[in-house]
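Enquirer: File model32.cif below, mmCIF, N, CA and C atoms:
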data_work
#
loop_
_atom_site.label_atom_id
_atom_site.label_comp_id
_atom_site.auth_asym_id
_atom_site.auth_seq_id
_atom_site.Cartn_x
_atom_site.Cartn_y
_atom_site.Cartn_z
N MET A 158 123.97 124.25 104.58
CA MET A 158 123.28 123.12 105.19
C MET A 158 122.76 122.16 104.13
N ASP A 159 122.30 122.68 102.99
CA ASP A 159 121.81 121.82 101.93
C ASP A 159 122.92 120.95 101.36
N ASP A 160 124.17 121.46 101.33
CA ASP A 160 125.28 120.68 100.81
C ASP A 160 125.55 119.45 101.68
N ALA A 161 125.33 119.57 102.99
CA ALA A 161 125.56 118.44 103.87
C ALA A 161 124.49 117.37 103.68
N ILE A 162 123.27 117.80 103.37
CA ILE A 162 122.18 116.86 103.18
C ILE A 162 122.26 116.21 101.80
N MET A 163 122.42 117.00 100.76
CA MET A 163 122.46 116.51 99.39
C MET A 163 123.72 117.00 98.68
N PRO A 164 124.83 116.33 98.86
CA PRO A 164 126.04 116.79 98.19
C PRO A 164 125.94 116.49 96.69
N ASP A 165 126.58 117.35 95.90
CA ASP A 165 126.65 117.10 94.46
C ASP A 165 127.58 115.94 94.21
N GLY A 166 127.33 115.23 93.15
CA GLY A 166 128.23 114.14 92.79
C GLY A 166 127.51 112.82 92.71
N GLU A 167 128.25 111.79 93.11
CA GLU A 167 127.76 110.42 92.95
C GLU A 167 126.54 110.11 93.82
N GLY A 168 126.48 110.68 95.01
CA GLY A 168 125.34 110.40 95.89
C GLY A 168 124.03 110.91 95.32
N THR A 169 124.05 112.11 94.77
CA THR A 169 122.84 112.67 94.17
C THR A 169 122.45 111.90 92.92
N ARG A 170 123.44 111.55 92.11
CA ARG A 170 123.15 110.78 90.89
C ARG A 170 122.55 109.42 91.24
N ALA A 171 123.08 108.77 92.27
CA ALA A 171 122.55 107.47 92.70
C ALA A 171 121.13 107.62 93.24
N ALA A 172 120.89 108.70 93.98
CA ALA A 172 119.53 108.93 94.50
C ALA A 172 118.55 109.14 93.36
N ILE A 173 118.94 109.88 92.34
CA ILE A 173 118.06 110.12 91.20
C ILE A 173 117.73 108.80 90.50
N VAL A 174 118.74 107.96 90.32
CA VAL A 174 118.51 106.67 89.66
C VAL A 174 117.57 105.80 90.48
N VAL A 175 117.78 105.74 91.79
CA VAL A 175 116.93 104.91 92.65
C VAL A 175 115.49 105.44 92.66
N ILE A 176 115.33 106.75 92.76
CA ILE A 176 113.98 107.33 92.78
C ILE A 176 113.28 107.10 91.45
N ARG A 177 114.00 107.29 90.34
CA ARG A 177 113.39 107.08 89.02
C ARG A 177 112.98 105.62 88.83
N ARG A 178 113.84 104.70 89.21
CA ARG A 178 113.49 103.27 89.08
C ARG A 178 112.33 102.91 89.99
N SER A 179 112.31 103.46 91.18
CA SER A 179 111.19 103.20 92.09
C SER A 179 109.88 103.72 91.52
N ALA A 180 109.91 104.91 90.92
CA ALA A 180 108.71 105.48 90.31
C ALA A 180 108.23 104.60 89.16
N ARG A 181 109.16 104.15 88.34
CA ARG A 181 108.78 103.30 87.21
C ARG A 181 108.19 101.98 87.67
N ILE A 182 108.85 101.34 88.60
CA ILE A 182 108.36 100.04 89.09
C ILE A 182 107.00 100.21 89.76
N LEU A 183 106.88 101.19 90.62
CA LEU A 183 105.62 101.41 91.32
C LEU A 183 104.50 101.78 90.35
N GLY A 184 104.80 102.61 89.35
CA GLY A 184 103.81 102.98 88.35
C GLY A 184 103.31 101.79 87.57
N VAL A 185 104.22 100.91 87.15
CA VAL A 185 103.83 99.72 86.39
C VAL A 185 103.05 98.75 87.27
N VAL A 186 103.48 98.59 88.51
CA VAL A 186 102.76 97.69 89.42
C VAL A 186 101.33 98.19 89.67
N LEU A 187 101.18 99.48 89.95
CA LEU A 187 99.84 100.03 90.19
C LEU A 187 98.97 99.98 88.94
N ALA A 188 99.54 100.33 87.79
CA ALA A 188 98.78 100.27 86.54
C ALA A 188 98.40 98.84 86.20
N GLY A 189 99.32 97.92 86.40
CA GLY A 189 99.00 96.50 86.17
C GLY A 189 97.92 96.01 87.11
N PHE A 190 97.99 96.42 88.37
CA PHE A 190 96.96 96.03 89.34
C PHE A 190 95.59 96.54 88.90
N LEU A 191 95.51 97.81 88.50
CA LEU A 191 94.23 98.36 88.05
C LEU A 191 93.73 97.66 86.80
N LEU A 192 94.65 97.35 85.89
CA LEU A 192 94.27 96.67 84.66
C LEU A 192 93.73 95.27 84.96
N PHE A 193 94.41 94.52 85.82
CA PHE A 193 93.93 93.19 86.18
C PHE A 193 92.61 93.24 86.96
N MET A 194 92.45 94.24 87.80
CA MET A 194 91.18 94.39 88.51
C MET A 194 90.04 94.64 87.53
N PHE A 195 90.26 95.51 86.57
CA PHE A 195 89.23 95.81 85.58
C PHE A 195 88.92 94.57 84.74
N LEU A 196 89.95 93.89 84.27
CA LEU A 196 89.72 92.70 83.44
C LEU A 196 89.04 91.59 84.24
N GLY A 197 89.49 91.37 85.47
CA GLY A 197 88.86 90.34 86.29
C GLY A 197 87.41 90.65 86.61
N TYR A 198 87.13 91.91 86.84
CA TYR A 198 85.76 92.33 87.16
C TYR A 198 84.85 92.24 85.94
N SER A 199 85.37 92.60 84.79
CA SER A 199 84.53 92.62 83.60
C SER A 199 84.41 91.26 82.94
N LEU A 200 85.36 90.36 83.15
CA LEU A 200 85.32 89.05 82.51
C LEU A 200 84.82 87.94 83.44
N GLY A 201 84.38 88.31 84.63
CA GLY A 201 83.89 87.32 85.59
C GLY A 201 82.58 86.69 85.13
N GLU A 202 82.14 85.66 85.87
CA GLU A 202 80.89 84.99 85.52
C GLU A 202 79.72 85.96 85.51
N ARG A 203 79.60 86.70 86.57
CA ARG A 203 78.54 87.70 86.66
C ARG A 203 79.10 88.99 86.09
N ASN A 204 78.71 89.33 84.89
CA ASN A 204 79.29 90.47 84.20
C ASN A 204 78.49 91.73 84.48
N PRO A 205 78.89 92.52 85.48
CA PRO A 205 78.14 93.73 85.81
C PRO A 205 78.33 94.84 84.79
N LEU A 206 79.34 94.74 83.93
CA LEU A 206 79.57 95.79 82.96
C LEU A 206 78.76 95.60 81.69
N SER A 207 77.97 94.53 81.62
CA SER A 207 77.18 94.29 80.41
C SER A 207 75.98 95.23 80.33
N GLY A 208 75.52 95.70 81.48
CA GLY A 208 74.39 96.63 81.50
C GLY A 208 74.86 98.05 81.31
N PRO A 209 73.93 98.98 81.29
CA PRO A 209 74.32 100.38 81.12
C PRO A 209 75.04 100.91 82.37
N LEU A 210 76.05 101.70 82.14
CA LEU A 210 76.80 102.32 83.24
C LEU A 210 76.21 103.68 83.57
N GLU A 211 76.33 104.05 84.82
CA GLU A 211 75.96 105.41 85.21
C GLU A 211 77.01 106.35 84.61
N PRO A 212 76.63 107.57 84.29
CA PRO A 212 77.58 108.47 83.61
C PRO A 212 78.88 108.69 84.37
N PHE A 213 78.82 108.89 85.68
CA PHE A 213 80.05 109.14 86.42
C PHE A 213 80.87 107.87 86.62
N ALA A 214 80.22 106.71 86.59
CA ALA A 214 80.97 105.46 86.63
C ALA A 214 81.76 105.29 85.34
N ALA A 215 81.17 105.64 84.22
CA ALA A 215 81.87 105.57 82.93
C ALA A 215 83.02 106.57 82.89
N ILE A 216 82.79 107.77 83.43
CA ILE A 216 83.87 108.77 83.47
C ILE A 216 85.00 108.28 84.37
N GLY A 217 84.65 107.69 85.51
CA GLY A 217 85.67 107.15 86.42
C GLY A 217 86.47 106.03 85.77
N LEU A 218 85.81 105.14 85.03
CA LEU A 218 86.52 104.07 84.33
C LEU A 218 87.44 104.65 83.25
N ALA A 219 86.97 105.66 82.54
CA ALA A 219 87.80 106.28 81.51
C ALA A 219 89.02 106.96 82.13
N LEU A 220 88.82 107.61 83.27
CA LEU A 220 89.95 108.27 83.94
C LEU A 220 90.96 107.24 84.44
N MET A 221 90.50 106.14 84.99
CA MET A 221 91.42 105.12 85.45
C MET A 221 92.13 104.46 84.27
N GLY A 222 91.43 104.31 83.14
CA GLY A 222 92.08 103.81 81.92
C GLY A 222 93.17 104.75 81.45
N ALA A 223 92.90 106.06 81.51
CA ALA A 223 93.91 107.05 81.12
C ALA A 223 95.09 107.01 82.08
N TYR A 224 94.85 106.76 83.38
CA TYR A 224 95.94 106.65 84.35
C TYR A 224 96.82 105.44 84.02
N ILE A 225 96.17 104.32 83.68
CA ILE A 225 96.91 103.11 83.33
C ILE A 225 97.82 103.38 82.13
N VAL A 226 97.26 104.00 81.11
CA VAL A 226 98.04 104.32 79.91
C VAL A 226 99.18 105.29 80.26
N ALA A 227 98.90 106.28 81.09
CA ALA A 227 99.92 107.26 81.47
C ALA A 227 101.08 106.59 82.20
N MET A 228 100.79 105.66 83.10
CA MET A 228 101.87 105.02 83.85
C MET A 228 102.71 104.12 82.96
N PHE A 229 102.10 103.45 81.98
CA PHE A 229 102.89 102.65 81.06
C PHE A 229 103.70 103.54 80.11
N LEU A 230 103.12 104.65 79.67
CA LEU A 230 103.85 105.58 78.80
C LEU A 230 104.97 106.32 79.55
N ALA A 231 104.86 106.40 80.86
CA ALA A 231 105.88 107.09 81.66
C ALA A 231 107.22 106.36 81.59
N LEU A 232 107.22 105.12 81.17
CA LEU A 232 108.48 104.41 81.00
C LEU A 232 109.33 105.06 79.91
N LYS A 233 108.67 105.68 78.94
CA LYS A 233 109.39 106.35 77.85
C LYS A 233 109.37 107.87 77.99
N TRP A 234 108.20 108.45 78.26
CA TRP A 234 108.03 109.90 78.35
C TRP A 234 107.57 110.25 79.77
N GLU A 235 108.51 110.42 80.66
CA GLU A 235 108.19 110.62 82.08
C GLU A 235 107.39 111.89 82.35
N ARG A 236 107.88 113.00 81.89
CA ARG A 236 107.26 114.28 82.23
C ARG A 236 105.85 114.40 81.67
N THR A 237 105.70 114.14 80.39
CA THR A 237 104.39 114.26 79.76
C THR A 237 103.39 113.31 80.40
N SER A 238 103.81 112.08 80.61
CA SER A 238 102.90 111.08 81.17
C SER A 238 102.55 111.37 82.63
N SER A 239 103.50 111.86 83.40
CA SER A 239 103.17 112.16 84.79
C SER A 239 102.29 113.40 84.90
N PHE A 240 102.45 114.36 83.98
CA PHE A 240 101.52 115.49 83.96
C PHE A 240 100.12 115.02 83.58
N LEU A 241 100.03 114.09 82.61
CA LEU A 241 98.74 113.50 82.26
C LEU A 241 98.16 112.76 83.46
N GLY A 242 98.98 111.99 84.16
CA GLY A 242 98.52 111.29 85.36
C GLY A 242 98.04 112.24 86.44
N THR A 243 98.72 113.37 86.58
CA THR A 243 98.30 114.38 87.55
C THR A 243 96.92 114.94 87.21
N ILE A 244 96.71 115.25 85.95
CA ILE A 244 95.41 115.78 85.51
C ILE A 244 94.32 114.74 85.70
N VAL A 245 94.62 113.50 85.32
CA VAL A 245 93.63 112.42 85.45
C VAL A 245 93.26 112.20 86.91
N LEU A 246 94.26 112.07 87.78
CA LEU A 246 93.97 111.84 89.20
C LEU A 246 93.27 113.05 89.83
N GLY A 247 93.64 114.25 89.39
CA GLY A 247 92.95 115.44 89.89
C GLY A 247 91.47 115.40 89.54
N CYS A 248 91.15 115.07 88.31
CA CYS A 248 89.74 114.96 87.89
C CYS A 248 89.03 113.85 88.67
N PHE A 249 89.72 112.71 88.83
CA PHE A 249 89.11 111.59 89.55
C PHE A 249 88.84 111.95 91.00
N PHE A 250 89.78 112.66 91.62
CA PHE A 250 89.60 113.03 93.03
C PHE A 250 88.51 114.10 93.19
N ILE A 251 88.33 114.95 92.20
CA ILE A 251 87.21 115.91 92.26
C ILE A 251 85.89 115.16 92.24
N ILE A 252 85.79 114.17 91.36
CA ILE A 252 84.56 113.35 91.30
C ILE A 252 84.36 112.61 92.61
N MET A 253 85.45 112.08 93.19
CA MET A 253 85.33 111.38 94.47
C MET A 253 84.95 112.34 95.59
N PHE A 254 85.56 113.51 95.61
CA PHE A 254 85.28 114.48 96.66
C PHE A 254 83.81 114.90 96.65
N LEU A 255 83.27 115.08 95.46
CA LEU A 255 81.87 115.47 95.34
C LEU A 255 80.91 114.31 95.59
N GLY A 256 81.42 113.10 95.70
CA GLY A 256 80.59 111.93 95.97
C GLY A 256 79.75 111.52 94.77
N LEU A 257 80.26 111.72 93.57
CA LEU A 257 79.49 111.43 92.37
C LEU A 257 79.67 110.02 91.85
N LEU A 258 80.63 109.27 92.40
CA LEU A 258 80.80 107.89 91.98
C LEU A 258 79.74 107.01 92.62
N PRO A 259 79.19 106.07 91.87
CA PRO A 259 78.20 105.17 92.47
C PRO A 259 78.88 104.16 93.40
N GLY A 260 78.11 103.57 94.24
CA GLY A 260 78.65 102.56 95.15
C GLY A 260 78.88 103.12 96.53
N ASN A 261 79.92 102.62 97.19
CA ASN A 261 80.16 102.99 98.59
C ASN A 261 81.14 104.15 98.74
N VAL A 262 81.32 104.95 97.72
CA VAL A 262 82.20 106.12 97.82
C VAL A 262 81.35 107.29 98.29
N SER A 263 81.62 107.77 99.50
CA SER A 263 80.77 108.79 100.10
C SER A 263 81.19 110.21 99.74
N GLY A 264 82.42 110.40 99.34
CA GLY A 264 82.90 111.74 99.00
C GLY A 264 83.47 112.46 100.20
N GLY A 265 83.98 113.65 99.96
CA GLY A 265 84.55 114.48 101.01
C GLY A 265 85.90 113.97 101.47
N PHE A 266 86.37 114.57 102.57
CA PHE A 266 87.64 114.16 103.15
C PHE A 266 87.37 113.06 104.18
N SER A 267 87.28 111.84 103.70
CA SER A 267 87.05 110.69 104.57
C SER A 267 87.80 109.51 103.99
N ALA A 268 87.84 108.43 104.76
CA ALA A 268 88.50 107.21 104.28
C ALA A 268 87.73 106.58 103.13
N ARG A 269 86.47 106.93 102.98
CA ARG A 269 85.67 106.43 101.86
C ARG A 269 85.62 107.45 100.73
N GLY A 270 86.27 108.57 100.91
CA GLY A 270 86.32 109.61 99.89
C GLY A 270 87.74 109.76 99.36
N VAL A 271 88.23 110.98 99.31
CA VAL A 271 89.54 111.23 98.73
C VAL A 271 90.71 110.79 99.61
N LEU A 272 90.47 110.46 100.86
CA LEU A 272 91.54 109.98 101.73
C LEU A 272 91.63 108.46 101.77
N ASN A 273 91.02 107.82 100.80
CA ASN A 273 91.10 106.37 100.67
C ASN A 273 92.56 106.00 100.38
N PRO A 274 93.17 105.14 101.20
CA PRO A 274 94.59 104.84 101.03
C PRO A 274 94.92 104.20 99.68
N VAL A 275 94.00 103.43 99.14
CA VAL A 275 94.25 102.81 97.84
C VAL A 275 94.37 103.88 96.76
N PHE A 276 93.49 104.84 96.77
CA PHE A 276 93.53 105.89 95.77
C PHE A 276 94.67 106.88 96.03
N LEU A 277 95.03 107.09 97.28
CA LEU A 277 96.18 107.93 97.58
C LEU A 277 97.48 107.29 97.08
N ALA A 278 97.54 105.96 97.08
CA ALA A 278 98.74 105.27 96.59
C ALA A 278 98.98 105.54 95.11
N LEU A 279 97.94 105.87 94.37
CA LEU A 279 98.11 106.15 92.95
C LEU A 279 98.96 107.40 92.71
N TRP A 280 99.07 108.27 93.71
CA TRP A 280 99.88 109.47 93.59
C TRP A 280 101.37 109.20 93.77
N LEU A 281 101.74 108.06 94.38
CA LEU A 281 103.14 107.82 94.72
C LEU A 281 104.09 107.85 93.52
N PRO A 282 103.81 107.18 92.39
CA PRO A 282 104.76 107.27 91.28
C PRO A 282 104.92 108.70 90.76
N ILE A 283 103.83 109.43 90.72
CA ILE A 283 103.89 110.82 90.24
C ILE A 283 104.74 111.67 91.18
N LEU A 284 104.55 111.49 92.48
CA LEU A 284 105.36 112.24 93.45
C LEU A 284 106.84 111.87 93.35
N LEU A 285 107.13 110.60 93.11
CA LEU A 285 108.53 110.19 92.96
C LEU A 285 109.16 110.80 91.71
N TYR A 286 108.40 110.89 90.62
CA TYR A 286 108.92 111.56 89.42
C TYR A 286 109.21 113.03 89.71
N TRP A 287 108.32 113.68 90.43
CA TRP A 287 108.53 115.10 90.77
C TRP A 287 109.78 115.28 91.63
N ILE A 288 109.98 114.40 92.60
CA ILE A 288 111.17 114.47 93.45
C ILE A 288 112.43 114.27 92.60
N CYS A 289 112.37 113.33 91.68
CA CYS A 289 113.50 113.07 90.80
C CYS A 289 113.84 114.30 89.97
N TRP A 290 112.84 114.96 89.41
CA TRP A 290 113.09 116.16 88.60
C TRP A 290 113.63 117.29 89.46
N ARG A 291 113.14 117.41 90.68
CA ARG A 291 113.62 118.46 91.58
C ARG A 291 115.11 118.24 91.91
N LEU A 292 115.47 116.98 92.14
CA LEU A 292 116.88 116.68 92.41
C LEU A 292 117.75 116.94 91.18
N GLU A 293 117.24 116.61 90.00
CA GLU A 293 118.00 116.87 88.77
C GLU A 293 118.18 118.38 88.56
N LYS A 294 117.14 119.14 88.84
CA LYS A 294 117.21 120.59 88.68
C LYS A 294 118.22 121.18 89.68
N ARG A 295 118.17 120.71 90.91
CA ARG A 295 119.09 121.21 91.95
C ARG A 295 120.53 120.83 91.61
N ARG A 296 120.70 119.64 91.05
CA ARG A 296 122.05 119.15 90.71
C ARG A 296 122.65 119.94 89.55
N SER A 297 121.80 120.33 88.58
CA SER A 297 122.31 121.04 87.40
C SER A 297 122.58 122.52 87.69
N SER A 298 121.96 123.05 88.73
CA SER A 298 122.18 124.49 89.00
C SER A 298 123.34 124.73 89.94
#
For this file, write the structure as structure tokens.

Expert:
Amino acid sequence: MDDAIMPDGEGTRAAIVVIRRSARILGVVLAGFLLFMFLGYSLGERNPLSGPLEPFAAIGLALMGAYIVAMFLALKWERTSSFLGTIVLGCFFIIMFLGLLPGNVSGGFSARGVLNPVFLALWLPILLYWICWRLEKRRSS
């Protein structure tokens, strides 16, 4: 049954290429979006980052910075960077789940916590890389 769904050959190779390119494009778009959001927020007229940050806000910014770097590095080193992205997002989601971020993040399994669609979208490039590797592994065996 698996052969009918995913035959070996050109179809699988084309699927791997499409999934890998989609992961790269989506990763760069999301990382660029986060980078522009951070720059726009910090360089605006009213500079809220000029004052002292709460400890978990600083940790959250550092984690998002590491995610941005991981997604740009994934263009060259996919596996290492996506594992780094997984660790970073895991740590960020733990902080979100516990409700430790300042502002309107309530924590828990809610739309204002870890089920926030914007933050869930950050997992998409990583999941696409994993699917790509799974298809490559299945194709080689």

Enquirer: Take the PyMOL selection byres ((chain A and resi 275-286) around 6.5), apply it to the structure above, and return the hits as a list in words.

Expert: Ile176, Arg177, Ser179, Ala180, Arg181, Leu183, Gly184, Ser239, Val271, Leu272, Asn273, Pro274, Trp287, Ile288, Cys289, Trp290 and Arg291 of chain A

Enquirer: DSSP on the backbone, helix (DSSP H, G or I) only: what residues of segment 169-232 of chain A does that give? Format it as a PyMOL selection string.

Expert: chain A and resi 169-199+205-207+212-230

Enquirer: Expressed in Å to a single decimal, how great is the separation between atom N of Glu211 of chain A and atom C of Gly270 of chain A?

Expert: 19.3 Å

Enquirer: Taking 6 positions as the minimum chain separation for residues in the same chain, which residues sit within 7 Å of segment 212-227 of chain A when counting all atoms listed in the file? Answer as a list in words.

Expert: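 Near neighbours after the sequence-gap exclusion: Leu187, Ala188, Gly189, Leu192, Ser238, Ser239, Leu241, Gly242, Val245, Leu246, Phe249, Leu257, Leu258 and Pro259 of chain A.
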
Enquirer: Enter the distance from atom C of Gly197 of chain A to atom CA of Phe266 of chain A, in Å, rounded to one decimal.

Expert: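 Interatomic distance, atom C of Gly197 of chain A to atom CA of Phe266 of chain A: 28.7 Å.
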
Enquirer: Atom C of Glu167 of chain A and atom CA of Leu232 of chain A, how far apart in Å?

Expert: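 The value is 22.9 Å.
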
Enquirer: Could you work out an axis-aligned bounding box for all listed atoms of segment 229-243 of chain A, with 5 Å added on each of the six sides, and give its centre and edge lengths in Å to one decimal, as JSON?

Expert:
{"center_x": 103.2, "center_y": 109.1, "center_z": 82.7, "size_x": 22.5, "size_y": 22.8, "size_z": 19.7}
